[in-house]
Each structure stands twice: as structure tokens, then as C-alpha cells.
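Engineer: Contents of coords_11.txt (compact mmCIF, N, CA and C atoms) are given next:
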```txt
# COMPACT_ATOMS: atom_id res chain seq x y z
N MET A 1 -16.47 7.37 0.37
CA MET A 1 -16.11 6.02 -0.03
C MET A 1 -16.24 5.12 1.19
N THR A 2 -16.91 4.01 1.03
CA THR A 2 -17.06 3.07 2.14
C THR A 2 -15.99 2.00 2.06
N ALA A 3 -15.92 1.19 3.10
CA ALA A 3 -14.89 0.14 3.16
C ALA A 3 -15.06 -0.89 2.06
N THR A 4 -16.23 -0.98 1.47
CA THR A 4 -16.43 -1.97 0.41
C THR A 4 -16.36 -1.35 -0.98
N ASP A 5 -16.25 -0.03 -1.07
CA ASP A 5 -16.07 0.61 -2.37
C ASP A 5 -14.66 0.32 -2.86
N SER A 6 -14.55 0.23 -4.15
CA SER A 6 -13.24 0.01 -4.74
C SER A 6 -12.78 1.29 -5.42
N TYR A 7 -11.58 1.73 -5.10
CA TYR A 7 -11.04 2.93 -5.71
C TYR A 7 -10.78 2.72 -7.20
N LEU A 8 -10.43 1.49 -7.56
CA LEU A 8 -10.21 1.11 -8.95
C LEU A 8 -11.05 -0.13 -9.24
N PRO A 9 -11.21 -0.53 -10.50
CA PRO A 9 -12.09 -1.66 -10.83
C PRO A 9 -11.69 -2.96 -10.12
N ASP A 10 -12.71 -3.72 -9.71
CA ASP A 10 -12.46 -4.98 -9.00
C ASP A 10 -11.56 -5.92 -9.80
N ALA A 11 -11.69 -5.91 -11.11
CA ALA A 11 -10.86 -6.80 -11.94
C ALA A 11 -9.37 -6.45 -11.83
N MET A 12 -9.07 -5.25 -11.33
CA MET A 12 -7.68 -4.82 -11.21
C MET A 12 -7.23 -4.75 -9.76
N THR A 13 -8.03 -5.26 -8.84
CA THR A 13 -7.68 -5.16 -7.42
C THR A 13 -7.59 -6.52 -6.75
N THR A 14 -7.50 -7.57 -7.53
CA THR A 14 -7.34 -8.90 -6.96
C THR A 14 -5.86 -9.14 -6.70
N VAL A 15 -5.55 -9.65 -5.50
CA VAL A 15 -4.15 -9.94 -5.19
C VAL A 15 -3.90 -11.44 -5.29
N PHE A 16 -2.69 -11.77 -5.68
CA PHE A 16 -2.27 -13.15 -5.83
C PHE A 16 -0.98 -13.34 -5.04
N PRO A 17 -1.09 -13.57 -3.71
CA PRO A 17 0.10 -13.70 -2.87
C PRO A 17 0.94 -14.91 -3.24
N ASN A 18 2.24 -14.77 -3.03
CA ASN A 18 3.13 -15.92 -3.14
C ASN A 18 3.55 -16.32 -1.73
N HIS A 19 4.44 -17.29 -1.61
CA HIS A 19 4.82 -17.80 -0.30
C HIS A 19 5.52 -16.74 0.57
N VAL A 20 6.10 -15.72 -0.03
CA VAL A 20 6.78 -14.67 0.73
C VAL A 20 5.83 -13.53 1.08
N SER A 21 4.94 -13.16 0.17
CA SER A 21 4.05 -12.02 0.40
C SER A 21 2.76 -12.39 1.13
N LYS A 22 2.49 -13.69 1.28
CA LYS A 22 1.23 -14.13 1.87
C LYS A 22 0.99 -13.53 3.26
N GLU A 23 2.03 -13.45 4.08
CA GLU A 23 1.85 -12.90 5.43
C GLU A 23 1.46 -11.43 5.40
N PHE A 24 2.00 -10.66 4.45
CA PHE A 24 1.60 -9.26 4.30
C PHE A 24 0.11 -9.18 3.98
N TRP A 25 -0.34 -9.97 2.99
CA TRP A 25 -1.74 -9.92 2.58
C TRP A 25 -2.68 -10.51 3.63
N ASP A 26 -2.22 -11.51 4.37
CA ASP A 26 -3.03 -12.03 5.48
C ASP A 26 -3.23 -10.95 6.53
N GLY A 27 -2.19 -10.15 6.79
CA GLY A 27 -2.32 -9.02 7.71
C GLY A 27 -3.33 -8.01 7.21
N CYS A 28 -3.30 -7.74 5.92
CA CYS A 28 -4.29 -6.81 5.35
C CYS A 28 -5.71 -7.32 5.56
N ASP A 29 -5.90 -8.62 5.41
CA ASP A 29 -7.24 -9.20 5.65
C ASP A 29 -7.69 -8.96 7.08
N ARG A 30 -6.74 -8.89 8.03
CA ARG A 30 -7.04 -8.63 9.44
C ARG A 30 -7.04 -7.13 9.76
N HIS A 31 -6.88 -6.29 8.73
CA HIS A 31 -6.76 -4.84 8.89
C HIS A 31 -5.54 -4.48 9.74
N GLU A 32 -4.45 -5.16 9.46
CA GLU A 32 -3.18 -4.93 10.14
C GLU A 32 -2.10 -4.71 9.09
N LEU A 33 -1.53 -3.52 9.10
CA LEU A 33 -0.45 -3.22 8.17
C LEU A 33 0.86 -3.67 8.81
N SER A 34 1.54 -4.59 8.18
CA SER A 34 2.82 -5.08 8.71
C SER A 34 3.81 -5.24 7.57
N PHE A 35 5.06 -4.98 7.90
CA PHE A 35 6.12 -5.07 6.90
C PHE A 35 7.20 -6.03 7.38
N GLN A 36 7.90 -6.59 6.43
CA GLN A 36 9.02 -7.48 6.73
C GLN A 36 10.14 -6.69 7.38
N ARG A 37 10.74 -7.29 8.41
CA ARG A 37 11.94 -6.72 9.02
C ARG A 37 12.96 -7.84 9.19
N CYS A 38 14.17 -7.57 8.76
CA CYS A 38 15.25 -8.56 8.87
C CYS A 38 15.53 -8.84 10.34
N SER A 39 15.56 -10.11 10.70
CA SER A 39 15.85 -10.49 12.08
C SER A 39 17.32 -10.29 12.43
N ALA A 40 18.19 -10.25 11.43
CA ALA A 40 19.63 -10.11 11.69
C ALA A 40 20.06 -8.66 11.86
N CYS A 41 19.60 -7.77 10.96
CA CYS A 41 20.09 -6.38 11.00
C CYS A 41 19.00 -5.36 11.29
N GLY A 42 17.74 -5.78 11.30
CA GLY A 42 16.64 -4.87 11.63
C GLY A 42 16.13 -4.02 10.48
N THR A 43 16.63 -4.25 9.27
CA THR A 43 16.20 -3.47 8.11
C THR A 43 14.78 -3.85 7.70
N PHE A 44 13.92 -2.84 7.56
CA PHE A 44 12.59 -3.07 7.02
C PHE A 44 12.68 -3.18 5.51
N ARG A 45 11.73 -3.91 4.91
CA ARG A 45 11.69 -3.99 3.45
C ARG A 45 10.28 -4.25 2.96
N HIS A 46 10.01 -3.68 1.81
CA HIS A 46 8.75 -3.91 1.10
C HIS A 46 9.00 -3.57 -0.36
N PRO A 47 8.55 -4.36 -1.29
CA PRO A 47 7.73 -5.54 -1.12
C PRO A 47 8.51 -6.66 -0.43
N PRO A 48 7.77 -7.61 0.15
CA PRO A 48 8.43 -8.72 0.84
C PRO A 48 9.34 -9.50 -0.10
N GLY A 49 10.45 -9.93 0.45
CA GLY A 49 11.39 -10.73 -0.33
C GLY A 49 12.04 -11.78 0.55
N PRO A 50 12.65 -12.79 -0.06
CA PRO A 50 13.23 -13.88 0.73
C PRO A 50 14.58 -13.56 1.36
N ILE A 51 15.26 -12.49 0.88
CA ILE A 51 16.61 -12.18 1.34
C ILE A 51 16.71 -10.68 1.64
N CYS A 52 17.36 -10.36 2.74
CA CYS A 52 17.58 -8.96 3.11
C CYS A 52 18.55 -8.31 2.12
N TRP A 53 18.16 -7.18 1.58
CA TRP A 53 19.03 -6.49 0.63
C TRP A 53 20.24 -5.89 1.35
N ASN A 54 20.14 -5.68 2.67
CA ASN A 54 21.20 -5.03 3.41
C ASN A 54 22.29 -6.00 3.88
N CYS A 55 21.88 -7.16 4.43
CA CYS A 55 22.89 -8.07 5.01
C CYS A 55 22.84 -9.48 4.43
N ARG A 56 21.89 -9.73 3.53
CA ARG A 56 21.74 -11.01 2.84
C ARG A 56 21.18 -12.13 3.73
N SER A 57 20.68 -11.80 4.91
CA SER A 57 20.08 -12.80 5.78
C SER A 57 18.75 -13.28 5.20
N THR A 58 18.42 -14.51 5.48
CA THR A 58 17.12 -15.05 5.07
C THR A 58 16.14 -15.12 6.24
N ASP A 59 16.53 -14.62 7.41
CA ASP A 59 15.67 -14.62 8.59
C ASP A 59 14.91 -13.29 8.68
N TYR A 60 13.60 -13.38 8.84
CA TYR A 60 12.80 -12.16 8.93
C TYR A 60 11.53 -12.43 9.72
N THR A 61 10.90 -11.34 10.13
CA THR A 61 9.58 -11.37 10.76
C THR A 61 8.75 -10.28 10.10
N PHE A 62 7.45 -10.36 10.27
CA PHE A 62 6.57 -9.27 9.86
C PHE A 62 6.19 -8.49 11.10
N VAL A 63 6.39 -7.18 11.05
CA VAL A 63 6.18 -6.32 12.20
C VAL A 63 5.01 -5.36 11.92
N PRO A 64 3.99 -5.34 12.78
CA PRO A 64 2.89 -4.39 12.59
C PRO A 64 3.37 -2.96 12.76
N VAL A 65 2.83 -2.07 11.94
CA VAL A 65 3.13 -0.64 12.03
C VAL A 65 1.82 0.12 12.21
N SER A 66 1.94 1.40 12.50
CA SER A 66 0.77 2.21 12.85
C SER A 66 -0.15 2.51 11.67
N GLY A 67 0.39 2.51 10.48
CA GLY A 67 -0.41 2.91 9.31
C GLY A 67 -0.38 4.41 9.07
N GLN A 68 0.37 5.13 9.90
CA GLN A 68 0.56 6.58 9.72
C GLN A 68 1.75 6.79 8.79
N GLY A 69 1.59 7.69 7.84
CA GLY A 69 2.69 7.94 6.93
C GLY A 69 2.56 9.28 6.25
N ARG A 70 3.35 9.44 5.22
CA ARG A 70 3.35 10.68 4.44
C ARG A 70 3.47 10.32 2.96
N VAL A 71 2.91 11.18 2.13
CA VAL A 71 3.06 11.00 0.69
C VAL A 71 4.50 11.32 0.33
N TYR A 72 5.20 10.35 -0.20
CA TYR A 72 6.58 10.53 -0.64
C TYR A 72 6.61 11.08 -2.06
N SER A 73 5.71 10.57 -2.89
CA SER A 73 5.58 11.00 -4.28
C SER A 73 4.20 10.58 -4.77
N PHE A 74 3.77 11.16 -5.87
CA PHE A 74 2.48 10.77 -6.43
C PHE A 74 2.41 11.21 -7.89
N THR A 75 1.46 10.63 -8.58
CA THR A 75 1.14 11.07 -9.93
C THR A 75 -0.37 11.02 -10.09
N ILE A 76 -0.87 11.83 -10.97
CA ILE A 76 -2.29 11.83 -11.30
C ILE A 76 -2.43 11.20 -12.68
N VAL A 77 -3.17 10.12 -12.75
CA VAL A 77 -3.38 9.42 -14.02
C VAL A 77 -4.58 10.04 -14.70
N THR A 78 -4.38 10.55 -15.90
CA THR A 78 -5.46 11.22 -16.63
C THR A 78 -5.82 10.51 -17.93
N HIS A 79 -5.06 9.49 -18.27
CA HIS A 79 -5.31 8.74 -19.50
C HIS A 79 -5.46 7.27 -19.15
N ALA A 80 -6.62 6.71 -19.44
CA ALA A 80 -6.88 5.30 -19.11
C ALA A 80 -6.05 4.39 -20.01
N LEU A 81 -5.19 3.59 -19.40
CA LEU A 81 -4.37 2.65 -20.16
C LEU A 81 -5.14 1.38 -20.48
N SER A 82 -6.30 1.21 -19.87
CA SER A 82 -7.17 0.07 -20.11
C SER A 82 -8.60 0.59 -20.15
N PRO A 83 -9.45 -0.01 -20.99
CA PRO A 83 -10.85 0.41 -21.00
C PRO A 83 -11.52 0.28 -19.62
N LEU A 84 -11.03 -0.66 -18.80
CA LEU A 84 -11.58 -0.82 -17.45
C LEU A 84 -11.38 0.42 -16.59
N LEU A 85 -10.33 1.17 -16.87
CA LEU A 85 -10.00 2.34 -16.06
C LEU A 85 -10.68 3.63 -16.51
N ALA A 86 -11.26 3.63 -17.69
CA ALA A 86 -11.84 4.85 -18.25
C ALA A 86 -12.79 5.57 -17.29
N PRO A 87 -13.70 4.87 -16.60
CA PRO A 87 -14.61 5.58 -15.69
C PRO A 87 -13.94 6.14 -14.43
N TYR A 88 -12.69 5.76 -14.18
CA TYR A 88 -12.03 6.14 -12.94
C TYR A 88 -11.07 7.31 -13.07
N VAL A 89 -10.72 7.71 -14.29
CA VAL A 89 -9.78 8.82 -14.46
C VAL A 89 -10.49 10.14 -14.18
N PRO A 90 -9.81 11.10 -13.59
CA PRO A 90 -8.44 11.00 -13.09
C PRO A 90 -8.41 10.30 -11.73
N TYR A 91 -7.31 9.61 -11.47
CA TYR A 91 -7.08 8.99 -10.16
C TYR A 91 -5.60 9.15 -9.82
N ASN A 92 -5.30 9.01 -8.54
CA ASN A 92 -3.91 9.18 -8.13
C ASN A 92 -3.28 7.83 -7.81
N VAL A 93 -1.99 7.78 -8.00
CA VAL A 93 -1.15 6.68 -7.54
C VAL A 93 -0.11 7.34 -6.65
N ALA A 94 -0.10 6.93 -5.38
CA ALA A 94 0.76 7.59 -4.41
C ALA A 94 1.76 6.60 -3.81
N LEU A 95 2.93 7.11 -3.52
CA LEU A 95 3.96 6.34 -2.84
C LEU A 95 3.99 6.86 -1.40
N ILE A 96 3.67 5.96 -0.45
CA ILE A 96 3.55 6.34 0.95
C ILE A 96 4.77 5.83 1.71
N GLU A 97 5.36 6.69 2.55
CA GLU A 97 6.46 6.26 3.41
C GLU A 97 5.99 6.32 4.86
N PHE A 98 6.64 5.52 5.71
CA PHE A 98 6.18 5.32 7.09
C PHE A 98 7.28 5.67 8.08
N ASP A 99 6.93 6.46 9.10
CA ASP A 99 7.90 6.84 10.13
C ASP A 99 8.36 5.64 10.93
N ASP A 100 7.45 4.66 11.17
CA ASP A 100 7.80 3.53 12.03
C ASP A 100 8.27 2.31 11.24
N ALA A 101 8.58 2.50 9.95
CA ALA A 101 9.18 1.45 9.12
C ALA A 101 10.15 2.13 8.16
N PRO A 102 11.30 2.59 8.69
CA PRO A 102 12.25 3.34 7.86
C PRO A 102 12.62 2.58 6.59
N GLY A 103 12.60 3.32 5.49
CA GLY A 103 12.98 2.75 4.20
C GLY A 103 11.85 2.11 3.43
N VAL A 104 10.70 1.90 4.08
CA VAL A 104 9.57 1.27 3.40
C VAL A 104 8.74 2.33 2.69
N ARG A 105 8.40 2.03 1.46
CA ARG A 105 7.47 2.85 0.68
C ARG A 105 6.48 1.90 0.03
N LEU A 106 5.22 2.26 0.10
CA LEU A 106 4.14 1.41 -0.39
C LEU A 106 3.36 2.15 -1.47
N VAL A 107 3.17 1.52 -2.62
CA VAL A 107 2.38 2.10 -3.70
C VAL A 107 0.91 1.88 -3.37
N SER A 108 0.13 2.95 -3.37
CA SER A 108 -1.30 2.86 -3.07
C SER A 108 -2.00 4.07 -3.67
N ASN A 109 -3.08 4.48 -3.03
CA ASN A 109 -3.85 5.64 -3.46
C ASN A 109 -4.28 6.41 -2.22
N VAL A 110 -4.44 7.74 -2.38
CA VAL A 110 -5.04 8.57 -1.35
C VAL A 110 -6.47 8.79 -1.82
N VAL A 111 -7.40 8.11 -1.18
CA VAL A 111 -8.75 7.99 -1.73
C VAL A 111 -9.67 9.16 -1.43
N ASP A 112 -9.28 10.06 -0.53
CA ASP A 112 -10.16 11.17 -0.20
C ASP A 112 -9.58 12.52 -0.61
N ALA A 113 -8.61 12.53 -1.51
CA ALA A 113 -7.96 13.77 -1.91
C ALA A 113 -8.14 14.01 -3.40
N ALA A 114 -8.58 15.20 -3.73
CA ALA A 114 -8.63 15.61 -5.14
C ALA A 114 -7.21 15.85 -5.62
N ALA A 115 -7.03 15.81 -6.92
CA ALA A 115 -5.69 15.97 -7.50
C ALA A 115 -4.99 17.22 -6.99
N GLU A 116 -5.71 18.32 -6.91
CA GLU A 116 -5.09 19.59 -6.49
C GLU A 116 -4.77 19.63 -4.99
N GLU A 117 -5.30 18.71 -4.20
CA GLU A 117 -5.02 18.66 -2.77
C GLU A 117 -3.75 17.88 -2.44
N LEU A 118 -3.38 16.95 -3.29
CA LEU A 118 -2.22 16.10 -3.00
C LEU A 118 -0.94 16.91 -3.02
N GLU A 119 -0.06 16.58 -2.07
CA GLU A 119 1.26 17.20 -2.07
C GLU A 119 2.25 16.28 -1.37
N VAL A 120 3.49 16.37 -1.79
CA VAL A 120 4.55 15.60 -1.16
C VAL A 120 4.65 16.03 0.30
N GLY A 121 4.74 15.05 1.19
CA GLY A 121 4.83 15.33 2.62
C GLY A 121 3.49 15.34 3.33
N MET A 122 2.39 15.24 2.57
CA MET A 122 1.05 15.24 3.17
C MET A 122 0.90 14.06 4.12
N PRO A 123 0.48 14.31 5.37
CA PRO A 123 0.27 13.19 6.29
C PRO A 123 -0.99 12.40 5.91
N VAL A 124 -0.87 11.08 5.98
CA VAL A 124 -1.98 10.19 5.64
C VAL A 124 -2.00 9.04 6.64
N HIS A 125 -3.12 8.33 6.67
CA HIS A 125 -3.18 7.10 7.46
C HIS A 125 -3.96 6.05 6.70
N VAL A 126 -3.72 4.81 7.04
CA VAL A 126 -4.30 3.68 6.31
C VAL A 126 -5.79 3.60 6.56
N GLU A 127 -6.51 3.22 5.52
CA GLU A 127 -7.92 2.88 5.59
C GLU A 127 -8.08 1.61 4.77
N TRP A 128 -8.79 0.65 5.30
CA TRP A 128 -8.90 -0.65 4.65
C TRP A 128 -10.07 -0.69 3.72
N GLN A 129 -9.86 -1.23 2.53
CA GLN A 129 -10.93 -1.39 1.57
C GLN A 129 -10.96 -2.82 1.07
N THR A 130 -12.12 -3.45 1.28
CA THR A 130 -12.33 -4.80 0.76
C THR A 130 -13.09 -4.64 -0.54
N THR A 131 -12.48 -5.10 -1.61
CA THR A 131 -13.06 -4.93 -2.94
C THR A 131 -14.10 -6.02 -3.20
N GLY A 132 -14.87 -5.81 -4.24
CA GLY A 132 -15.84 -6.82 -4.67
C GLY A 132 -15.17 -8.12 -5.06
N ALA A 133 -13.87 -8.04 -5.37
CA ALA A 133 -13.11 -9.24 -5.71
C ALA A 133 -12.65 -9.99 -4.46
N GLY A 134 -12.93 -9.43 -3.26
CA GLY A 134 -12.58 -10.10 -2.02
C GLY A 134 -11.19 -9.78 -1.48
N SER A 135 -10.49 -8.88 -2.11
CA SER A 135 -9.16 -8.49 -1.64
C SER A 135 -9.29 -7.32 -0.66
N THR A 136 -8.52 -7.36 0.42
CA THR A 136 -8.48 -6.24 1.35
C THR A 136 -7.19 -5.48 1.07
N LEU A 137 -7.35 -4.20 0.72
CA LEU A 137 -6.22 -3.40 0.27
C LEU A 137 -5.98 -2.22 1.21
N PRO A 138 -4.70 -1.89 1.46
CA PRO A 138 -4.42 -0.69 2.22
C PRO A 138 -4.51 0.53 1.30
N ARG A 139 -5.47 1.39 1.59
CA ARG A 139 -5.60 2.67 0.91
C ARG A 139 -5.33 3.73 1.96
N PHE A 140 -5.21 4.97 1.55
CA PHE A 140 -4.85 6.02 2.51
C PHE A 140 -5.80 7.20 2.39
N VAL A 141 -6.00 7.85 3.53
CA VAL A 141 -6.82 9.05 3.62
C VAL A 141 -5.98 10.14 4.30
N LYS A 142 -6.37 11.39 4.09
CA LYS A 142 -5.66 12.51 4.70
C LYS A 142 -5.74 12.38 6.22
N ALA A 143 -4.63 12.67 6.88
CA ALA A 143 -4.59 12.62 8.36
C ALA A 143 -4.92 13.98 8.93
```
What is this structure when it is put down as C-alpha cells?
Structural biologist:
Amino acid sequence: MTATDSYLPDAMTTVFPNHVSKEFWDGCDRHELSFQRCSACGTFRHPPGPICWNCRSTDYTFVPVSGQGRVYSFTIVTHALSPLLAPYVPYNVALIEFDDAPGVRLVSNVVDAAAEELEVGMPVHVEWQTTGAGSTLPRFVKA
């Protein structure tokens, strides 16, 4: 898979950032994975939100992380819920956790692993994919 290949159909990979998530997606465009961290208590959070769930502060920054992580959980999709997905089944949906962003888990895909290769705890790292729709998405490959 190349950086311009789409793991899923382009019509399903377009992102629509809001005022809070825009900085996350702008980082993705720069091939930089960064997550929100509360400026008051240091708690990481994703998806981005306007208020810290831990201390209720509205002050935050986006902090770059290494992109190294582990599969926290995953599922293999074998039934296309949309006709657009029919050519792509089976595919995986993985929940990735990061050592350098405690508490953060990101829903994505492990694009170089067959269903039987995936396992909880598998080390992965980010790989950037720019879709035909122009979105740059964090996908993951085996580390």
C-alpha cells in the first residue's frame, strides 16, 4: 500500500474538522501525530474536546507524539454495511493506544496485517495516507 492508497473508499475517508479538532487534522496534514493535553493537569485526551474531562479546565495544547503504539483492541469487519465497502471486506478496525500519550486511544486500521496476524498488544507505528479525497489519515503498520 502506498501513501496515496486508501484503505477504505475515498467517499468514506473525508474529514470535516471543527474548531476544536482542526489542529489535530492540520497536524495529520503535516504528518505529525499530536494529541490534546490539558495545560492545567496534564491529562491527554482524544478525540479533541473543549473541556478536560479530568479537571474541567478549558486550557489545552496539542502535543506531538512518536506515533508508536500498540493494538488495544480490534475487530475484523466481514459484512459490508454499505455497498461502498463491499470490495474492501474483510478489513480491520483497530483501537491503538500510545505509550507517550497515556489514556489516548485512536480508532484506525492496521493496513499491513491480515486478520489472523492481528493481536491485542501488537506493536504498531503510524503511517500517513493521503486519500483521493485529499484527507491525510493516520493509519498503522506492524512495528
Engineer: Could you check how far atom N of Asp99 of chain A sits from atom N of Val65 of chain A, in Å to one decimal?
Structural biologist: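 Atom N of Val65 of chain A lies at a distance of 9.9 Å from atom N of Asp99 of chain A.
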Engineer: From a backbone DSSP assignment, name each residue in segment 35-122 of chain A labelled strand (DSSP E or B), as a PyMOL selection string.
Structural biologist: chain A and resi 35-38+44-45+60-64+68-77+91-98+105-108+110
Engineer: Hey, what's within 7 Å of segment 11-28 of chain A if we count all atoms listed in the file and toss same-chain stuff fewer than 4 positions away? As a list in words, please?
Structural biologist: Glu32, Leu33, Ser34, Phe35, Pro48, Gly49, Pro50, Thr131, Ala133, Gly134, Ser135, Thr136, Leu137 and Pro138 of chain A
Engineer: I need the residue nearest Val63 of chain A from this list: A:Gln36, A:Arg105, A:Val110, A:Asp10. Use all atoms listed in the file for the distance.
Structural biologist: A:Gln36
Engineer: Could you tell me which of A:Ser66, A:Cys38, A:Gly103, A:Thr75 comes closest to Trp53 of chain A if we count all atoms listed in the file?
Structural biologist: A:Cys38
Engineer: Atom N of Ser73 of chain A and atom CA of Thr61 of chain A, how far apart in Å?
Structural biologist: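 Result for atom CA of Thr61 of chain A versus atom N of Ser73 of chain A: 26.1 Å, one decimal.
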Engineer: Which distance in Å separates atom C of Arg139 of chain A and atom CA of Asn54 of chain A, to one decimal?
Structural biologist: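 Answer for the atom C of Arg139 of chain A to atom CA of Asn54 of chain A separation: 28.0 Å.
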Engineer: What are the centre and edge lengths in Å, to one decimal, of the axis-aligned box around all listed atoms of segment 90-109 of chain A with 4 Å added on each side, as JSON?
Structural biologist:
```
{"center_x": 1.6, "center_y": 6.2, "center_z": -0.8, "size_x": 30.8, "size_y": 17.8, "size_z": 33.6}
```
Engineer: Near segment 82-89 of chain A, counting all atoms listed in the file, which residues have an atom at most 6.5 Å away, once you skip same-chain residues fewer than 4 positions from it, shown as a list in words?
Structural biologist: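 Counting all atoms listed in the file, the residues come to Pro9, Val77 and Thr78 of chain A.
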Engineer: Using only C-alpha atoms, which protein or nucleic acid residues come within 8 Å of Gly69 of chain A? Drop anything in the same chain fewer than 2 positions from it, and give the result as an mmCIF file with N, CA and C atoms, in the frame of the given file.
Structural biologist:
```
data_model
loop_
_atom_site.group_PDB
_atom_site.id
_atom_site.type_symbol
_atom_site.label_atom_id
_atom_site.label_comp_id
_atom_site.auth_asym_id
_atom_site.auth_seq_id
_atom_site.Cartn_x
_atom_site.Cartn_y
_atom_site.Cartn_z
ATOM 1 N N GLY A 67 0.390 2.510 10.480
ATOM 2 C CA GLY A 67 -0.410 2.910 9.310
ATOM 3 C C GLY A 67 -0.380 4.410 9.070
ATOM 4 N N VAL A 71 2.910 11.180 2.130
ATOM 5 C CA VAL A 71 3.060 11.000 0.690
ATOM 6 C C VAL A 71 4.500 11.320 0.330
ATOM 7 N N ILE A 96 3.670 5.960 -0.450
ATOM 8 C CA ILE A 96 3.550 6.340 0.950
ATOM 9 C C ILE A 96 4.770 5.830 1.710
ATOM 10 N N GLU A 97 5.360 6.690 2.550
ATOM 11 C CA GLU A 97 6.460 6.260 3.410
ATOM 12 C C GLU A 97 5.990 6.320 4.860
ATOM 13 N N PHE A 98 6.640 5.520 5.710
ATOM 14 C CA PHE A 98 6.180 5.320 7.090
ATOM 15 C C PHE A 98 7.280 5.670 8.080
ATOM 16 N N ASP A 99 6.930 6.460 9.100
ATOM 17 C CA ASP A 99 7.900 6.840 10.130
ATOM 18 C C ASP A 99 8.360 5.640 10.930
ATOM 19 N N PRO A 123 0.480 14.310 5.370
ATOM 20 C CA PRO A 123 0.270 13.190 6.290
ATOM 21 C C PRO A 123 -0.990 12.400 5.910
ATOM 22 N N VAL A 124 -0.870 11.080 5.980
ATOM 23 C CA VAL A 124 -1.980 10.190 5.640
ATOM 24 C C VAL A 124 -2.000 9.040 6.640
ATOM 25 N N HIS A 125 -3.120 8.330 6.670
ATOM 26 C CA HIS A 125 -3.180 7.100 7.460
ATOM 27 C C HIS A 125 -3.960 6.050 6.700
#
```
Engineer: Can you tell me which residues surround Tyr60 of chain A at a distance of at most 8 Å, considering only C-alpha atoms, apart from same-chain residues fewer than 2 positions away, and format the answer as a ChimeraX atom specification?
Structural biologist: /A:36-40,57-58,62
